[in-house]
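Structure record follows, encoded as structure tokens.
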Amino acid sequence: MRLETGTGSRMPARAVKMMRMHYALVLLAVLAGMAVWVPVDSNRAAIAAWACMLATAYLWHIAGLYCAGLFHEEQASQPVGGFGVAMAVPLLLTLLAWSLPLAFTVLLLLLALVLSALLERLPSHRSRWPAAWLNARRQQSQLLAVALGSLAVALWTVGQTY
């Protein structure tokens with residue numbers, strides 16, 4: 001994991017701490033995505049629910065950081081222009097997901113993750129954040145998408161013989 005841009009400018013220390021915490025959350029979700037295959041069918045739901053809670057916490061924390069202006073000291077009290085409103089859609093999907101059965105919860109969380117990753121591709125958003133942060137976020141999104149995909153397959157195939 002490299003936490004600096006190609007030009008050598010480094011991220012602020014608090015951003016590095018947040019990045020490490022995000023990697024820990026994502027890696028725990030990936031471990032749960034692998035562990036969901038180990039128990040018998042009846043115990044898969046507990047592991048999947050735990051991984052979904054990690055993914056939800058991750059998405060909400062990222063949205064909070066983006067709206068707070070983490071890297072801009074002079075703009076710390078100002079939200080990122082318009083991004084909070086756009087990020088509301090994935091966050092509402094995460095809330096809606098918890099009112100559905102667990103198999104659909106995983107799919108809606110995956111959709112919310114993809115939407116948040118697409119929002120990060122906007123040029124207006126990319127110009128505000130260091131390249132190292134955006135690269136790490138892309139990696140985290142990919143890892144979390146694979147974990148959620150594994151959970152979805154495991155939950156949708158409960159009771160089937162492989």
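Ligands are numbered from 1 in the order shown, chains are lettered A, B, ... in the order of the structure tokens, and residues start at 1 in each chain.
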
Taking the DSSP assignment computed from this structure's backbone, write out as a PyMOL selection string all residues of segment 26-154 of chain A that belong to helix (DSSP H, G or I).
chain A and resi 26-35+41-68+73-75+83-97+102-119+123-126+131-154

Could you name the residues that touch Ala103 of chain A at 10 Å or less, counting only C-alpha atoms, but leaving out those on the same chain fewer than 2 positions away, as a PyMOL selection string?
chain A and resi 45+48-49+97+100-101+105-108+151-157

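Between atom CA of Leu110 of chain A and atom CA of Ala145 of chain A there is a distance of 6.2 Å.
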
For the contact check between segment 32-52 of chain A and segment 22-28 of chain A, emit one row per residue of segment 32-52 of chain A within 9 Å, containing the shortest atom pair and the distance in Å rounded to one decimal, counting only C-alpha atoms, chain then rising number order, as JSON lines.
```
{"residue": "A:Ala32", "atom": "CA", "partner": "A:Leu28", "partner_atom": "CA", "distance": 6.2}
{"residue": "A:Gly33", "atom": "CA", "partner": "A:Leu28", "partner_atom": "CA", "distance": 8.6}
{"residue": "A:Ala51", "atom": "CA", "partner": "A:Leu28", "partner_atom": "CA", "distance": 7.6}
```

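Of the listed residues A:Leu96, A:Leu59, A:Gly149, A:Phe104, the one whose atoms come nearest to Ala117 of chain A is A:Leu59, with distances taken using only C-alpha atoms.
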
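For Ala29 of chain A, the list of residues within 8 Å, based on only C-alpha atoms and with local chain neighbours fewer than 5 positions off taken out, reads Ala51, Cys52, Leu54, Ala55, Leu144 and Ala147 of chain A.
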
Take the residues that were just selected and, keeping C-alpha atoms, output them as a PDB file, in the first residue's frame.
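The resulting again-v5.pdb:
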```pdb
ATOM      1  CA  ALA A  51     -20.036  -8.376   6.694  1.00  0.00           C
ATOM      2  CA  CYS A  52     -22.973  -6.228   5.558  1.00  0.00           C
ATOM      3  CA  LEU A  54     -18.996  -3.605   8.007  1.00  0.00           C
ATOM      4  CA  ALA A  55     -19.775  -2.532   4.443  1.00  0.00           C
ATOM      5  CA  LEU A 144     -15.355  -4.757  -1.082  1.00  0.00           C
ATOM      6  CA  ALA A 147     -16.487  -9.616  -0.930  1.00  0.00           C
TER       7      ALA A 147
END
```

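Atom CA of Trp133 of chain A sits 25.7 Å away from atom CA of Ser150 of chain A.
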
In Å and to one decimal, atom CA of Pro90 of chain A is distant from atom CA of Met11 of chain A by 26.2 Å

Go through A:Leu109, A:Ser99, A:Met21, A:Val36 and flag the residue nearest Thr56 of chain A, using only C-alpha atoms for the distances.
A:Leu109

Can you list, as number ranges by chain, every protein, DNA or RNA residue that comes within 10 Å of Phe83 of chain A when you count only C-alpha atoms, leaving out same-chain residues fewer than 6 positions away?
A: 63, 66-67, 119-120, 122, 124-125

If you keep all heavy atoms, can you produce a file of those selected residues as a PDB file, in the first residue's frame?
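Saved file result-v1.pdb follows:
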```
ATOM      1  N   ALA A  63     -18.609   8.629   3.237  1.00  0.00           N
ATOM      2  CA  ALA A  63     -19.483   9.769   2.907  1.00  0.00           C
ATOM      3  C   ALA A  63     -19.282  10.912   3.895  1.00  0.00           C
ATOM      4  O   ALA A  63     -19.235  12.079   3.508  1.00  0.00           O
ATOM      5  CB  ALA A  63     -20.934   9.326   2.896  1.00  0.00           C
ATOM      6  N   TYR A  66     -16.005  12.693   3.064  1.00  0.00           N
ATOM      7  CA  TYR A  66     -16.103  13.517   1.861  1.00  0.00           C
ATOM      8  C   TYR A  66     -16.874  14.805   2.127  1.00  0.00           C
ATOM      9  O   TYR A  66     -16.552  15.851   1.592  1.00  0.00           O
ATOM     10  CB  TYR A  66     -16.766  12.748   0.732  1.00  0.00           C
ATOM     11  CG  TYR A  66     -15.846  11.752   0.071  1.00  0.00           C
ATOM     12  CD1 TYR A  66     -16.360  10.662  -0.602  1.00  0.00           C
ATOM     13  CD2 TYR A  66     -14.479  11.907   0.115  1.00  0.00           C
ATOM     14  CE1 TYR A  66     -15.529   9.746  -1.219  1.00  0.00           C
ATOM     15  CE2 TYR A  66     -13.633  10.994  -0.488  1.00  0.00           C
ATOM     16  CZ  TYR A  66     -14.170   9.925  -1.152  1.00  0.00           C
ATOM     17  OH  TYR A  66     -13.344   9.029  -1.759  1.00  0.00           O
ATOM     18  N   CYS A  67     -17.887  14.720   2.942  1.00  0.00           N
ATOM     19  CA  CYS A  67     -18.692  15.918   3.226  1.00  0.00           C
ATOM     20  C   CYS A  67     -18.006  16.844   4.219  1.00  0.00           C
ATOM     21  O   CYS A  67     -18.348  18.014   4.303  1.00  0.00           O
ATOM     22  CB  CYS A  67     -20.063  15.507   3.737  1.00  0.00           C
ATOM     23  SG  CYS A  67     -21.043  14.691   2.468  1.00  0.00           S
ATOM     24  N   LEU A 119     -19.370   8.048  -8.368  1.00  0.00           N
ATOM     25  CA  LEU A 119     -19.332   9.457  -7.969  1.00  0.00           C
ATOM     26  C   LEU A 119     -17.901   9.933  -7.780  1.00  0.00           C
ATOM     27  O   LEU A 119     -17.584  11.097  -8.042  1.00  0.00           O
ATOM     28  CB  LEU A 119     -20.126   9.666  -6.682  1.00  0.00           C
ATOM     29  CG  LEU A 119     -21.634   9.603  -6.815  1.00  0.00           C
ATOM     30  CD1 LEU A 119     -22.286   9.640  -5.444  1.00  0.00           C
ATOM     31  CD2 LEU A 119     -22.140  10.732  -7.681  1.00  0.00           C
ATOM     32  N   GLU A 120     -17.036   9.050  -7.315  1.00  0.00           N
ATOM     33  CA  GLU A 120     -15.636   9.421  -7.113  1.00  0.00           C
ATOM     34  C   GLU A 120     -14.897   9.629  -8.431  1.00  0.00           C
ATOM     35  O   GLU A 120     -13.803  10.170  -8.449  1.00  0.00           O
ATOM     36  CB  GLU A 120     -14.927   8.360  -6.286  1.00  0.00           C
ATOM     37  CG  GLU A 120     -15.409   8.338  -4.862  1.00  0.00           C
ATOM     38  CD  GLU A 120     -14.839   7.185  -4.081  1.00  0.00           C
ATOM     39  OE1 GLU A 120     -14.208   6.298  -4.681  1.00  0.00           O
ATOM     40  OE2 GLU A 120     -15.013   7.181  -2.862  1.00  0.00           O
ATOM     41  N   LEU A 122     -16.009  11.486 -10.831  1.00  0.00           N
ATOM     42  CA  LEU A 122     -16.327  12.808 -11.360  1.00  0.00           C
ATOM     43  C   LEU A 122     -15.101  13.719 -11.289  1.00  0.00           C
ATOM     44  O   LEU A 122     -14.413  13.751 -10.271  1.00  0.00           O
ATOM     45  CB  LEU A 122     -17.475  13.436 -10.574  1.00  0.00           C
ATOM     46  CG  LEU A 122     -18.821  12.737 -10.659  1.00  0.00           C
ATOM     47  CD1 LEU A 122     -19.799  13.381  -9.699  1.00  0.00           C
ATOM     48  CD2 LEU A 122     -19.346  12.775 -12.080  1.00  0.00           C
ATOM     49  N   SER A 124     -14.834  16.907 -10.891  1.00  0.00           N
ATOM     50  CA  SER A 124     -14.905  17.904  -9.819  1.00  0.00           C
ATOM     51  C   SER A 124     -14.534  17.291  -8.472  1.00  0.00           C
ATOM     52  O   SER A 124     -13.971  17.962  -7.609  1.00  0.00           O
ATOM     53  CB  SER A 124     -16.302  18.504  -9.752  1.00  0.00           C
ATOM     54  OG  SER A 124     -17.258  17.490  -9.489  1.00  0.00           O
ATOM     55  N   HIS A 125     -14.826  16.038  -8.292  1.00  0.00           N
ATOM     56  CA  HIS A 125     -14.478  15.362  -7.046  1.00  0.00           C
ATOM     57  C   HIS A 125     -12.999  14.974  -7.030  1.00  0.00           C
ATOM     58  O   HIS A 125     -12.317  15.121  -6.028  1.00  0.00           O
ATOM     59  CB  HIS A 125     -15.351  14.120  -6.866  1.00  0.00           C
ATOM     60  CG  HIS A 125     -15.052  13.355  -5.618  1.00  0.00           C
ATOM     61  ND1 HIS A 125     -15.393  13.818  -4.382  1.00  0.00           N
ATOM     62  CD2 HIS A 125     -14.421  12.187  -5.421  1.00  0.00           C
ATOM     63  CE1 HIS A 125     -14.993  12.959  -3.465  1.00  0.00           C
ATOM     64  NE2 HIS A 125     -14.402  11.961  -4.079  1.00  0.00           N
TER      65      HIS A 125
END
```
